[in-house]
>>> print(open('final25.txt').read())   # compact mmCIF, C-alpha atoms
# COMPACT_ATOMS: atom_id res chain seq x y z
CA MET A 47 4.72 18.61 -0.50
CA ILE A 48 3.86 17.80 -4.11
CA TYR A 49 3.02 14.15 -4.67
CA LEU A 50 3.76 13.02 -8.22
CA ASP A 51 3.92 9.27 -7.71
CA ASN A 52 0.28 8.37 -8.33
CA ALA A 53 1.32 5.69 -10.82
CA ALA A 54 2.91 3.79 -7.91
CA THR A 55 0.00 4.44 -5.57
CA SER A 56 -2.48 7.30 -5.45
CA TRP A 57 -2.30 9.76 -2.57
CA HIS A 58 -4.00 11.47 -0.83
CA LYS A 59 -7.03 9.12 -0.69
CA PRO A 60 -10.56 10.57 -0.56
CA PRO A 61 -11.83 10.82 3.05
CA GLU A 62 -14.81 8.65 2.05
CA VAL A 63 -12.39 5.76 1.44
CA LEU A 64 -10.81 6.02 4.87
CA LYS A 65 -14.22 6.32 6.52
CA ALA A 66 -15.56 3.23 4.72
CA MET A 67 -12.58 1.20 5.92
CA VAL A 68 -13.07 2.13 9.57
CA ASP A 69 -16.82 1.78 9.26
CA VAL A 70 -16.72 -1.78 7.91
CA LEU A 71 -14.72 -3.00 10.92
CA GLU A 72 -17.13 -1.29 13.30
CA ARG A 73 -20.30 -2.34 11.58
CA ALA A 74 -19.52 -5.54 9.68
CA GLY A 75 -16.49 -7.05 11.35
CA GLY A 76 -17.38 -10.72 10.82
CA ASN A 77 -15.77 -13.17 8.43
CA PRO A 78 -17.92 -13.00 5.27
CA GLY A 79 -19.67 -16.20 4.25
CA ARG A 80 -18.27 -18.24 7.12
CA SER A 81 -20.25 -18.08 10.30
CA GLY A 82 -23.84 -17.18 9.47
CA HIS A 83 -24.25 -14.59 12.24
CA GLN A 84 -25.22 -10.97 11.70
CA LEU A 85 -21.71 -9.53 11.48
CA SER A 86 -20.60 -12.24 9.06
CA ILE A 87 -23.63 -11.75 6.84
CA GLU A 88 -23.20 -7.97 6.87
CA ALA A 89 -19.59 -8.39 5.72
CA ALA A 90 -20.79 -10.69 2.92
CA ARG A 91 -23.27 -8.00 1.86
CA VAL A 92 -20.49 -5.39 1.68
CA MET A 93 -18.50 -7.81 -0.48
CA TYR A 94 -21.40 -8.57 -2.78
CA ASP A 95 -22.37 -4.91 -3.19
CA THR A 96 -18.78 -4.14 -4.16
CA ARG A 97 -18.84 -6.93 -6.76
CA GLU A 98 -21.96 -5.35 -8.24
CA ASP A 99 -20.39 -1.89 -8.28
CA ILE A 100 -17.23 -3.21 -9.96
CA ALA A 101 -19.24 -5.19 -12.54
CA ARG A 102 -21.24 -2.04 -13.32
CA PHE A 103 -18.14 0.17 -13.40
CA PHE A 104 -16.41 -2.03 -16.02
CA ASN A 105 -19.70 -3.18 -17.61
CA SER A 106 -18.63 -6.80 -17.28
CA GLY A 107 -21.92 -8.59 -16.53
CA ASP A 108 -22.21 -11.22 -13.80
CA PRO A 109 -20.95 -9.89 -10.40
CA ALA A 110 -19.92 -13.46 -9.44
CA ARG A 111 -17.18 -13.10 -12.07
CA VAL A 112 -15.54 -10.27 -10.13
CA ILE A 113 -12.75 -12.05 -8.25
CA PHE A 114 -11.10 -10.13 -5.41
CA THR A 115 -7.30 -10.36 -5.30
CA SER A 116 -4.48 -8.62 -3.48
CA GLY A 117 -3.87 -6.47 -6.56
CA ALA A 118 -3.22 -6.55 -10.30
CA THR A 119 -0.15 -8.80 -9.92
CA HIS A 120 -2.20 -11.48 -8.18
CA ALA A 121 -4.98 -11.16 -10.79
CA LEU A 122 -2.52 -11.47 -13.69
CA ASN A 123 -0.89 -14.51 -12.08
CA ILE A 124 -4.28 -16.26 -11.75
CA VAL A 125 -4.78 -16.12 -15.51
CA LEU A 126 -1.18 -16.69 -16.63
CA LYS A 127 -0.43 -19.58 -14.27
CA GLY A 128 -3.94 -21.03 -14.20
CA LEU A 129 -4.73 -21.00 -17.91
CA LEU A 130 -1.45 -21.55 -19.74
CA LYS A 131 0.05 -25.00 -20.30
CA PRO A 132 3.43 -26.04 -21.74
CA GLY A 133 3.31 -25.70 -25.52
CA ASP A 134 0.73 -22.90 -25.44
CA ARG A 135 1.51 -19.81 -27.51
CA VAL A 136 1.25 -16.36 -25.98
CA VAL A 137 1.65 -12.93 -27.53
CA ALA A 138 2.55 -9.92 -25.35
CA SER A 139 3.67 -6.36 -26.05
CA SER A 140 7.18 -5.12 -25.26
CA MET A 141 5.72 -2.52 -22.85
CA GLU A 142 4.62 -5.10 -20.26
CA HIS A 143 5.34 -4.70 -16.56
CA ASN A 144 7.22 -7.42 -14.67
CA ALA A 145 3.86 -8.50 -13.17
CA VAL A 146 3.32 -10.00 -16.63
CA MET A 147 6.89 -10.63 -17.81
CA ARG A 148 8.13 -12.55 -14.76
CA PRO A 149 5.31 -15.13 -14.75
CA LEU A 150 5.64 -15.44 -18.54
CA ARG A 151 9.42 -15.95 -18.40
CA THR A 152 8.94 -18.65 -15.74
CA LEU A 153 6.30 -20.37 -17.87
CA GLU A 154 8.59 -20.07 -20.90
CA GLU A 155 11.19 -22.15 -19.05
CA ARG A 156 8.47 -24.80 -18.67
CA GLY A 157 7.64 -24.91 -22.38
CA LEU A 158 5.43 -21.92 -23.09
CA VAL A 159 6.08 -20.29 -26.48
CA LEU A 160 6.26 -16.53 -25.93
CA ASN A 161 6.23 -13.93 -28.68
CA VAL A 162 6.97 -10.39 -27.48
CA VAL A 163 5.86 -7.84 -30.08
CA PRO A 164 8.12 -4.76 -30.14
CA CYS A 165 6.50 -1.36 -29.61
CA ALA A 166 7.85 1.92 -31.01
CA THR A 167 10.23 4.07 -28.95
CA ASP A 168 7.29 6.24 -27.84
CA GLY A 169 5.66 3.08 -26.43
CA SER A 170 2.96 2.86 -29.08
CA LEU A 171 1.92 -0.42 -30.63
CA ASP A 172 1.32 -0.97 -34.33
CA VAL A 173 -1.72 -3.26 -34.55
CA ASN A 174 -0.31 -4.75 -37.78
CA ASP A 175 2.58 -6.14 -35.73
CA ILE A 176 0.11 -7.81 -33.36
CA SER A 177 -1.85 -9.09 -36.34
CA ARG A 178 1.28 -10.76 -37.74
CA ALA A 179 2.22 -12.29 -34.38
CA VAL A 180 -1.19 -13.77 -33.52
CA ASP A 181 -2.15 -16.99 -35.31
CA LEU A 182 -4.67 -19.79 -34.89
CA ASN A 183 -2.39 -21.50 -32.36
CA THR A 184 -2.26 -18.46 -30.06
CA ARG A 185 -3.91 -19.20 -26.73
CA LEU A 186 -3.66 -15.81 -25.08
CA VAL A 187 -2.76 -12.21 -25.90
CA VAL A 188 -1.59 -10.14 -22.92
CA ILE A 189 -1.52 -6.40 -23.19
CA VAL A 190 -1.00 -3.46 -20.86
CA HIS A 191 -3.75 -0.87 -21.30
CA ALA A 192 -1.34 2.01 -20.64
CA SER A 193 2.38 1.91 -19.93
CA ASN A 194 3.49 2.60 -16.37
CA VAL A 195 6.73 4.03 -17.78
CA ALA A 196 5.73 6.24 -20.72
CA GLY A 197 1.98 6.55 -20.13
CA THR A 198 1.26 5.46 -23.71
CA ILE A 199 -2.23 4.00 -24.23
CA LEU A 200 -2.30 0.78 -26.25
CA PRO A 201 -5.08 0.06 -28.76
CA ILE A 202 -7.10 -2.49 -26.73
CA ALA A 203 -10.19 -2.58 -28.97
CA GLU A 204 -8.16 -3.43 -32.10
CA VAL A 205 -6.10 -6.04 -30.25
CA VAL A 206 -9.28 -7.72 -28.94
CA SER A 207 -10.64 -8.24 -32.43
CA ILE A 208 -7.31 -9.60 -33.69
CA ALA A 209 -7.13 -12.03 -30.75
CA HIS A 210 -10.74 -13.15 -31.08
CA ARG A 211 -10.51 -13.65 -34.84
CA ALA A 212 -7.70 -16.13 -34.16
CA GLY A 213 -9.65 -17.81 -31.34
CA ALA A 214 -7.29 -16.48 -28.64
CA LEU A 215 -8.30 -14.96 -25.31
CA LEU A 216 -7.32 -11.45 -24.25
CA LEU A 217 -5.92 -10.44 -20.87
CA VAL A 218 -5.69 -6.70 -20.18
CA ASP A 219 -3.44 -5.25 -17.48
CA ALA A 220 -5.42 -2.19 -16.39
CA ALA A 221 -3.18 -1.28 -13.44
CA GLN A 222 -2.66 2.27 -14.78
CA THR A 223 -6.04 2.82 -16.40
CA ALA A 224 -8.79 1.56 -14.07
CA GLY A 225 -10.40 4.71 -12.71
CA VAL A 226 -8.82 7.11 -15.23
CA LEU A 227 -9.91 5.75 -18.62
CA PRO A 228 -13.40 4.41 -19.32
CA ILE A 229 -13.29 0.60 -19.65
CA ASP A 230 -16.33 -1.18 -21.05
CA MET A 231 -15.57 -4.90 -21.02
CA LYS A 232 -18.60 -5.88 -23.08
CA ALA A 233 -18.09 -3.18 -25.72
CA PHE A 234 -14.35 -3.95 -26.00
CA GLY A 235 -14.91 -7.72 -25.71
CA ILE A 236 -12.23 -8.12 -23.02
CA ASP A 237 -11.99 -11.67 -21.62
CA PHE A 238 -9.90 -10.95 -18.52
CA LEU A 239 -9.34 -7.57 -16.86
CA ALA A 240 -6.72 -7.33 -14.11
CA PHE A 241 -6.93 -4.18 -11.98
CA THR A 242 -5.61 -2.82 -8.74
CA GLY A 243 -7.54 -0.82 -6.17
CA HIS A 244 -4.85 1.51 -4.87
CA LYS A 245 -4.04 3.58 -7.96
CA GLY A 246 -6.68 5.25 -10.13
CA LEU A 247 -9.54 3.66 -8.21
CA GLN A 248 -8.44 5.58 -5.06
CA GLY A 249 -8.70 2.56 -2.76
CA PRO A 250 -6.13 1.20 -0.31
CA PRO A 251 -3.19 -1.08 -1.16
CA GLY A 252 -3.76 -4.83 -0.82
CA ILE A 253 -6.95 -5.04 -2.85
CA GLY A 254 -7.60 -5.49 -6.56
CA GLY A 255 -9.38 -7.89 -8.79
CA LEU A 256 -9.74 -10.05 -11.82
CA VAL A 257 -12.91 -9.49 -13.83
CA ILE A 258 -13.80 -12.40 -16.08
CA GLY A 259 -16.02 -11.95 -19.14
CA ASP A 260 -19.42 -13.68 -19.02
CA HIS A 261 -18.62 -15.94 -21.98
CA VAL A 262 -15.25 -17.25 -20.69
CA ASP A 263 -15.17 -20.93 -19.72
CA THR A 264 -13.51 -20.91 -16.29
CA SER A 265 -13.25 -24.70 -16.00
CA GLN A 266 -10.04 -24.41 -18.05
CA ILE A 267 -8.36 -22.26 -15.34
CA GLU A 268 -6.68 -23.87 -12.34
CA PRO A 269 -6.93 -21.73 -9.20
CA LEU A 270 -3.66 -20.22 -7.97
CA LEU A 271 -4.71 -20.74 -4.35
CA GLN A 272 -6.95 -23.40 -2.87
CA GLY A 273 -8.56 -23.54 0.55
CA GLY A 274 -11.55 -22.54 2.59
CA THR A 275 -14.33 -20.62 0.89
CA GLY A 276 -17.10 -20.93 3.50
CA SER A 277 -19.11 -22.83 0.91
CA GLN A 278 -19.42 -26.55 0.12
CA SER A 279 -17.31 -27.30 3.19
CA GLU A 280 -18.14 -31.00 3.11
CA LEU A 281 -15.85 -31.30 0.07
CA GLU A 282 -12.08 -31.59 0.27
CA GLU A 283 -11.92 -30.58 -3.37
CA GLN A 284 -11.90 -26.97 -4.51
CA PRO A 285 -15.39 -25.87 -5.70
CA GLU A 286 -15.87 -24.88 -9.34
CA HIS A 287 -18.46 -22.18 -8.59
CA LEU A 288 -17.54 -18.54 -9.01
CA PRO A 289 -16.28 -16.47 -7.30
CA ASP A 290 -15.34 -19.11 -4.69
CA LYS A 291 -13.08 -21.14 -7.01
CA PHE A 292 -10.54 -18.29 -7.09
CA GLU A 293 -11.14 -16.74 -3.64
CA SER A 294 -9.84 -19.07 -0.94
CA GLY A 295 -8.98 -17.70 2.48
CA THR A 296 -10.45 -14.87 4.53
CA PRO A 297 -11.03 -11.92 2.22
CA ASN A 298 -9.66 -8.42 2.76
CA ILE A 299 -12.98 -6.89 3.75
CA VAL A 300 -11.34 -3.62 4.86
CA GLY A 301 -9.72 -3.25 1.45
CA ILE A 302 -12.95 -4.23 -0.32
CA ALA A 303 -14.92 -1.55 1.58
CA GLY A 304 -12.25 1.04 0.70
CA LEU A 305 -12.26 -0.04 -2.95
CA CYS A 306 -16.05 0.24 -3.07
CA ALA A 307 -15.91 3.78 -1.67
CA GLY A 308 -13.18 4.67 -4.19
CA VAL A 309 -15.17 3.37 -7.16
CA ASN A 310 -18.27 5.25 -6.01
CA TRP A 311 -16.21 8.41 -5.47
CA ILE A 312 -15.02 8.19 -9.10
CA THR A 313 -18.52 7.47 -10.38
CA ASP A 314 -19.86 10.53 -8.50
CA ARG A 315 -17.10 12.78 -9.79
CA GLY A 316 -17.30 11.33 -13.32
CA ILE A 317 -14.45 9.51 -15.05
CA GLU A 318 -14.60 12.02 -17.93
CA ALA A 319 -13.95 14.89 -15.53
CA ILE A 320 -11.00 13.02 -14.01
CA ARG A 321 -9.61 12.26 -17.46
CA ALA A 322 -10.00 15.91 -18.54
CA GLN A 323 -8.15 17.12 -15.42
CA GLU A 324 -5.33 14.60 -15.94
CA LYS A 325 -4.99 15.57 -19.60
CA GLU A 326 -4.60 19.22 -18.66
CA LEU A 327 -1.97 18.43 -16.03
CA THR A 328 -0.07 16.14 -18.41
CA SER A 329 -0.17 18.72 -21.16
CA ALA A 330 1.20 21.45 -18.86
CA LEU A 331 3.92 19.10 -17.66
CA VAL A 332 5.03 18.06 -21.15
CA ASP A 333 5.01 21.68 -22.37
CA GLY A 334 6.96 22.87 -19.35
CA LEU A 335 9.60 20.16 -19.56
CA SER A 336 10.01 20.56 -23.31
CA GLY A 337 11.15 24.14 -22.70
CA ILE A 338 14.07 23.07 -20.50
CA ALA A 339 17.41 22.62 -22.27
CA GLY A 340 18.99 19.17 -21.97
CA ILE A 341 15.77 17.36 -21.03
CA LYS A 342 14.35 14.51 -23.02
CA VAL A 343 10.69 13.61 -22.52
CA TYR A 344 9.62 10.07 -23.45
CA GLY A 345 6.31 8.68 -24.67
CA THR A 346 3.96 10.15 -27.24
CA ARG A 347 4.00 13.61 -25.54
CA ASP A 348 0.36 13.73 -26.58
CA PRO A 349 -2.09 13.76 -23.63
CA GLU A 350 -4.81 12.31 -25.88
CA LYS A 351 -2.68 9.20 -26.40
CA SER A 352 -1.42 8.73 -22.86
CA VAL A 353 -2.43 8.64 -19.21
CA ALA A 354 -0.98 11.08 -16.68
CA ILE A 355 2.53 9.62 -16.67
CA VAL A 356 5.52 11.61 -17.94
CA SER A 357 9.02 10.12 -17.98
CA PHE A 358 12.15 12.16 -18.62
CA THR A 359 15.93 12.09 -18.46
CA ALA A 360 18.40 14.99 -18.37
CA ARG A 361 21.78 15.28 -20.01
CA ASP A 362 24.69 14.86 -17.57
CA ARG A 363 22.41 14.15 -14.60
CA ARG A 364 21.67 10.82 -12.97
CA VAL A 365 17.95 10.17 -12.55
CA SER A 366 18.54 9.17 -8.93
CA ASP A 367 20.25 12.52 -8.22
CA ILE A 368 17.36 14.42 -9.79
CA GLY A 369 14.80 12.45 -7.78
CA LEU A 370 16.67 12.97 -4.53
CA ARG A 371 17.11 16.72 -5.05
CA LEU A 372 13.45 17.17 -6.00
CA ASP A 373 12.47 15.37 -2.81
CA GLU A 374 14.97 16.97 -0.40
CA ASP A 375 15.10 20.53 -1.72
CA TYR A 376 11.58 20.97 -3.10
CA GLY A 377 9.35 18.35 -1.45
CA ILE A 378 8.43 16.93 -4.86
CA LEU A 379 7.94 13.17 -4.74
CA THR A 380 8.68 11.24 -7.95
CA ARG A 381 9.83 7.76 -8.83
CA VAL A 382 13.12 7.15 -10.58
CA GLY A 383 14.68 4.04 -12.12
CA LEU A 384 13.15 1.15 -14.02
CA HIS A 385 9.63 1.11 -12.50
CA CYS A 386 9.58 -2.74 -12.45
CA ALA A 387 9.36 -2.68 -16.24
CA PRO A 388 12.74 -3.43 -17.85
CA ALA A 389 11.06 -4.47 -21.11
CA ALA A 390 9.35 -1.08 -21.40
CA HIS A 391 12.60 0.78 -20.65
CA ARG A 392 14.44 -1.28 -23.30
CA THR A 393 11.68 -0.32 -25.74
CA ILE A 394 11.94 3.42 -25.13
CA GLY A 395 15.75 3.25 -24.93
CA THR A 396 16.30 4.05 -21.26
CA PHE A 397 17.59 0.70 -19.97
CA PRO A 398 19.39 0.30 -17.54
CA GLU A 399 19.55 3.90 -16.28
CA GLY A 400 15.79 4.42 -16.24
CA THR A 401 13.90 7.70 -16.08
CA VAL A 402 12.42 10.19 -13.66
CA ARG A 403 8.69 9.50 -13.68
CA LEU A 404 6.14 12.19 -12.87
CA ALA A 405 2.63 10.94 -12.29
CA PRO A 406 0.04 13.56 -11.35
CA GLY A 407 -3.29 12.45 -9.94
CA VAL A 408 -6.71 13.72 -8.94
CA SER A 409 -5.31 15.79 -6.06
CA THR A 410 -2.63 17.48 -8.22
CA THR A 411 -3.19 21.15 -9.15
CA ALA A 412 -1.99 23.35 -12.01
CA ALA A 413 0.10 25.25 -9.44
CA ASP A 414 1.81 22.00 -8.43
CA ILE A 415 2.82 21.41 -12.04
CA LYS A 416 4.15 24.95 -12.42
CA LYS A 417 6.27 24.60 -9.27
CA THR A 418 7.51 21.21 -10.43
CA VAL A 419 8.64 22.51 -13.81
CA GLN A 420 10.45 25.40 -12.12
CA ALA A 421 12.15 23.04 -9.66
CA ILE A 422 13.26 20.67 -12.41
CA ASP A 423 14.65 23.61 -14.37
CA LYS A 424 16.78 24.60 -11.37
CA VAL A 425 17.89 21.04 -10.53
CA VAL A 426 18.86 20.21 -14.10
CA GLY A 427 20.35 23.61 -14.90
CA SER A 428 22.49 23.93 -11.77
CA MET B 214 -46.76 -20.78 13.83
CA THR B 215 -44.95 -20.02 10.59
CA GLU B 216 -43.68 -22.99 8.63
CA TYR B 217 -40.30 -22.24 7.14
CA GLY B 218 -38.37 -23.37 4.12
CA VAL B 219 -34.73 -22.73 3.22
CA VAL B 220 -32.87 -22.21 -0.02
CA LEU B 221 -29.38 -23.66 -0.21
CA PHE B 222 -26.75 -22.09 -2.48
CA TYR B 223 -23.34 -23.09 -3.77
CA THR B 224 -21.75 -19.74 -2.89
CA THR B 225 -22.32 -16.95 -0.35
CA SER B 226 -22.33 -14.56 -3.30
CA SER B 227 -25.49 -16.24 -4.67
CA ALA B 228 -27.10 -16.22 -1.21
CA ILE B 229 -26.58 -12.47 -0.84
CA ARG B 230 -27.78 -11.86 -4.37
CA ALA B 231 -30.98 -13.83 -3.63
CA GLU B 232 -31.51 -11.98 -0.34
CA LYS B 233 -31.14 -8.63 -2.08
CA LEU B 234 -33.45 -9.59 -4.92
CA LEU B 235 -36.22 -11.15 -2.81
CA THR B 236 -36.17 -8.38 -0.19
CA LYS B 237 -36.58 -5.86 -3.00
CA GLU B 238 -39.57 -7.82 -4.28
CA GLY B 239 -41.16 -7.65 -0.84
CA TYR B 240 -40.57 -11.17 0.51
CA ALA B 241 -39.73 -11.54 4.21
CA VAL B 242 -36.55 -13.60 3.94
CA ARG B 243 -33.60 -14.00 6.29
CA LEU B 244 -30.10 -15.41 5.90
CA VAL B 245 -29.47 -18.01 8.61
CA PRO B 246 -26.67 -20.46 9.38
CA MET B 247 -27.05 -23.66 7.38
CA PRO B 248 -29.36 -26.09 9.25
CA ARG B 249 -27.10 -29.02 10.14
CA GLN B 250 -29.68 -31.66 9.20
CA LEU B 251 -29.55 -30.41 5.61
CA SER B 252 -25.87 -29.84 5.00
CA SER B 253 -22.51 -29.84 6.75
CA ASP B 254 -21.66 -26.63 4.90
CA CYS B 255 -20.36 -23.81 7.11
CA GLY B 256 -22.10 -21.11 5.12
CA VAL B 257 -25.54 -19.54 5.10
CA SER B 258 -28.94 -20.45 3.70
CA LEU B 259 -31.99 -18.30 3.02
CA ARG B 260 -35.03 -18.86 5.25
CA PHE B 261 -38.49 -17.99 4.01
CA ASP B 262 -42.18 -18.54 4.73
CA TRP B 263 -42.97 -21.96 3.22
CA GLN B 264 -46.34 -20.71 1.97
CA GLN B 265 -44.41 -18.63 -0.57
CA HIS B 266 -42.10 -21.41 -1.78
CA GLU B 267 -43.49 -21.50 -5.30
CA GLN B 268 -43.22 -17.76 -5.80
CA ILE B 269 -39.70 -17.74 -4.32
CA ARG B 270 -38.56 -20.57 -6.56
CA SER B 271 -39.90 -18.87 -9.66
CA ALA B 272 -38.45 -15.45 -8.68
CA LEU B 273 -34.99 -17.04 -8.30
CA GLU B 274 -35.36 -18.93 -11.57
CA LYS B 275 -36.44 -15.80 -13.37
CA ALA B 276 -33.39 -13.89 -12.11
CA GLN B 277 -31.15 -16.89 -12.93
CA VAL B 278 -29.80 -17.20 -9.39
CA GLU B 279 -28.13 -20.59 -9.18
CA ILE B 280 -29.44 -22.64 -6.26
CA ASP B 281 -28.45 -25.98 -4.77
CA ALA B 282 -31.81 -27.01 -3.30
CA ILE B 283 -34.97 -25.86 -1.55
CA HIS B 284 -36.06 -27.66 1.65
CA HIS B 285 -39.16 -27.61 3.82
CA LEU B 286 -38.12 -27.34 7.49
>>> encode(input="final25.txt", output="structure tokens")
Amino acid sequence: MIYLDNAATSWHKPPEVLKAMVDVLERAGGNPGRSGHQLSIEAARVMYDTREDIARFFNSGDPARVIFTSGATHALNIVLKGLLKPGDRVVASSMEHNAVMRPLRTLEERGLVLNVVPCATDGSLDVNDISRAVDLNTRLVVIVHASNVAGTILPIAEVVSIAHRAGALLLVDAAQTAGVLPIDMKAFGIDFLAFTGHKGLQGPPGIGGLVIGDHVDTSQIEPLLQGGTGSQSELEEQPEHLPDKFESGTPNIVGIAGLCAGVNWITDRGIEAIRAQEKELTSALVDGLSGIAGIKVYGTRDPEKSVAIVSFTARDRRVSDIGLRLDEDYGILTRVGLHCAPAAHRTIGTFPEGTVRLAPGVSTTAADIKKTVQAIDKVVGS
Amino acid sequence: MTEYGVVLFYTTSSAIRAEKLLTKEGYAVRLVPMPRQLSSDCGVSLRFDWQQHEQIRSALEKAQVEIDAIHHL
């Protein structure tokens, strides 16, 4: 089997991740921060150590500003629904995933003013277009770090300075980049980073986080969920202290332990080595597909300007038929359709049919790519 | 018999951070359930040897660990 759906969720996970998840239940099975006994305290230590590792990994600063969530969607919703009020102005790119677009469209119905800046057909963003869209009344700029459809990397550093010059905050959706591109929150000046644990970070599904910059005033953000935090239990009001304000309910300690092991696995291996491997695989894939008649490859087709995501369509073939034949006849697992990102597909010109998306990962080999190109040649040519 | 003091925190995250920091600096501290006479909180507090309360307070201040209060038990 050749797994090329790492943009949906990475597989196969490092054995260290699986071991950490079993181990935490054996060794630290209490409810962190609740009961005060040994198993509860040990679970709280695992949680805190993971916050430190995440804060170091993204160079964000205070570990108390690492908020654990169920994934990137949850993290994005905390900022969008907690920060934005009717009348606020928001700028987003046209490559955003529905994890951003759906909350924004709902808020738009309630009076939010949304400006979606069009990207080019290869998914790239002209910073001059962002510059024109952002003004002194802009509250927030939301931008995907790399497209889940075309793989195109967006110019985060430039967008941060445009946003900050206008006094706006910046929210980055790092669902496709955390663990595969270096992210330095302090150097970039990112205010909010939403990430998921189960893709590039090699953790399990059901865990992710929101990392909040040290300078961001969190009193302006209403929590999405309220409830028990184990702290300040005499109060019926939600505490303001971080991370508790945004972390009500029993945390996913199994997911947190797996995420921690995934982050450490990446740190040991080196993010530059992972990036180099993914660039090689992407390059081989783009070159191979470009040699097949009738195939159109989307995105920049430049591995320097994209993550390991390659989308294509074929003349006279439905993407769903291609995906099914690759799976059934060749054991090659891809994802076809709209990838929960209709705005991105409209931008690259593939709405509503969608594309076949190939997303290699850290366990993909050069031989896998060669076999995949050969299989696609047969499926499309036959 | 050792006389104890406890540090109370607003979050478990701060309590763990303090435990980690103070243990590293060589203090014999222990996270214990919140003494009920001090707070109705269901979380933990950090117990320490009262003789070291000044050093502990200044170590936490220096590291900018936010605390709620320090009590002599």
>>> atom_distance(input="final25.txt", atom1="CA of Val402 in chain A", atom2="CA of Ala389 in chain A")
16.5 Å
>>> interface_residues(input="final25.txt", of="chain B", to="chain A", cutoff="7 Å", atoms="all atoms listed in the file", output="PyMOL selection string")
chain B and resi 223-226+229+245-246+253-257
>>> write_last_selection(input="final25.txt", atoms="C-alpha atoms", output="compact mmCIF listing (two decimals), in the coordinates of the input")
# COMPACT_ATOMS: atom_id res chain seq x y z
CA TYR B 223 -23.34 -23.09 -3.77
CA THR B 224 -21.75 -19.74 -2.89
CA THR B 225 -22.32 -16.95 -0.35
CA SER B 226 -22.33 -14.56 -3.30
CA ILE B 229 -26.58 -12.47 -0.84
CA VAL B 245 -29.47 -18.01 8.61
CA PRO B 246 -26.67 -20.46 9.38
CA SER B 253 -22.51 -29.84 6.75
CA ASP B 254 -21.66 -26.63 4.90
CA CYS B 255 -20.36 -23.81 7.11
CA GLY B 256 -22.10 -21.11 5.12
CA VAL B 257 -25.54 -19.54 5.10
>>> residues_near_point(input="final25.txt", point="(-2.9, -9.6, -0.4)", cutoff="10 Å", atoms="all atoms listed in the file", output="ChimeraX atom specification")
/A:114-117,119-120,251-254,297-298,301
>>> atom_distance(input="final25.txt", atom1="CA of Leu217 in chain A", atom2="CA of Val187 in chain A")
6.2 Å
>>> atom_distance(input="final25.txt", atom1="CA of Asp51 in chain A", atom2="CA of Val146 in chain A")
21.2 Å
>>> residues_around(input="final25.txt", residues="Val136 in chain A", least_positions_apart="2", cutoff="6 Å", atoms="all atoms listed in the file", output="list in words")
Leu160, Thr184, Arg185, Leu186 and Val187 of chain A
>>> closest_residue(input="final25.txt", among="B:Met247, B:Ala241, B:Met214, B:Ala231", to="Ile280 in chain B", atoms="all atoms listed in the file")
B:Ala231
>>> residues_around(input="final25.txt", residues="Leu158 in chain A", least_positions_apart="5", cutoff="12 Å", atoms="all atoms listed in the file", output="list of chain:residue names")
A:Leu126, A:Lys127, A:Leu129, A:Leu130, A:Lys131, A:Pro132, A:Gly133, A:Asp134, A:Arg135, A:Val136, A:Val137, A:Pro149, A:Leu150, A:Arg151, A:Thr152, A:Leu153, A:Thr184, A:Arg185, A:Leu186
>>> residues_around(input="final25.txt", residues="His266 in chain B", least_positions_apart="2", cutoff="10 Å", atoms="only C-alpha atoms", output="PDB file with C-alpha atoms, keeping the file's coordinate frame")
ATOM      1  CA  TYR B 217     -40.300 -22.240   7.140  1.00  0.00           C
ATOM      2  CA  GLY B 218     -38.370 -23.370   4.120  1.00  0.00           C
ATOM      3  CA  VAL B 219     -34.730 -22.730   3.220  1.00  0.00           C
ATOM      4  CA  VAL B 220     -32.870 -22.210  -0.020  1.00  0.00           C
ATOM      5  CA  PHE B 261     -38.490 -17.990   4.010  1.00  0.00           C
ATOM      6  CA  ASP B 262     -42.180 -18.540   4.730  1.00  0.00           C
ATOM      7  CA  TRP B 263     -42.970 -21.960   3.220  1.00  0.00           C
ATOM      8  CA  GLN B 264     -46.340 -20.710   1.970  1.00  0.00           C
ATOM      9  CA  GLN B 268     -43.220 -17.760  -5.800  1.00  0.00           C
ATOM     10  CA  ILE B 269     -39.700 -17.740  -4.320  1.00  0.00           C
ATOM     11  CA  ARG B 270     -38.560 -20.570  -6.560  1.00  0.00           C
ATOM     12  CA  SER B 271     -39.900 -18.870  -9.660  1.00  0.00           C
ATOM     13  CA  ALA B 272     -38.450 -15.450  -8.680  1.00  0.00           C
ATOM     14  CA  ILE B 283     -34.970 -25.860  -1.550  1.00  0.00           C
ATOM     15  CA  HIS B 284     -36.060 -27.660   1.650  1.00  0.00           C
ATOM     16  CA  HIS B 285     -39.160 -27.610   3.820  1.00  0.00           C
TER      17      HIS B 285
END
>>> residues_near_point(input="final25.txt", point="(-9.4, -8.8, -31.6)", cutoff="12 Å", atoms="only C-alpha atoms", output="ChimeraX atom specification")
/A:173-174,176-177,180-181,186-189,201-217,233-237
>>> closest_residue(input="final25.txt", among="A:Thr242, A:Thr223, A:Thr264, A:Thr393", to="Leu171 in chain A", atoms="all atoms listed in the file")
A:Thr393
>>> residues_around(input="final25.txt", residues="Ile100 in chain A", least_positions_apart="5", cutoff="8 Å", atoms="all atoms listed in the file", output="VMD selection string")
chain A and resid 109 112 306 309
>>> residues_around(input="final25.txt", residues="Asp362 in chain A", least_positions_apart="3", cutoff="10 Å", atoms="only C-alpha atoms", output="ChimeraX atom specification")
/A:340-341,359,365,426
>>> closest_residue(input="final25.txt", among="B:Arg243, B:Leu234, B:Val278, B:Leu273", to="Ser258 in chain B", atoms="only C-alpha atoms")
B:Arg243
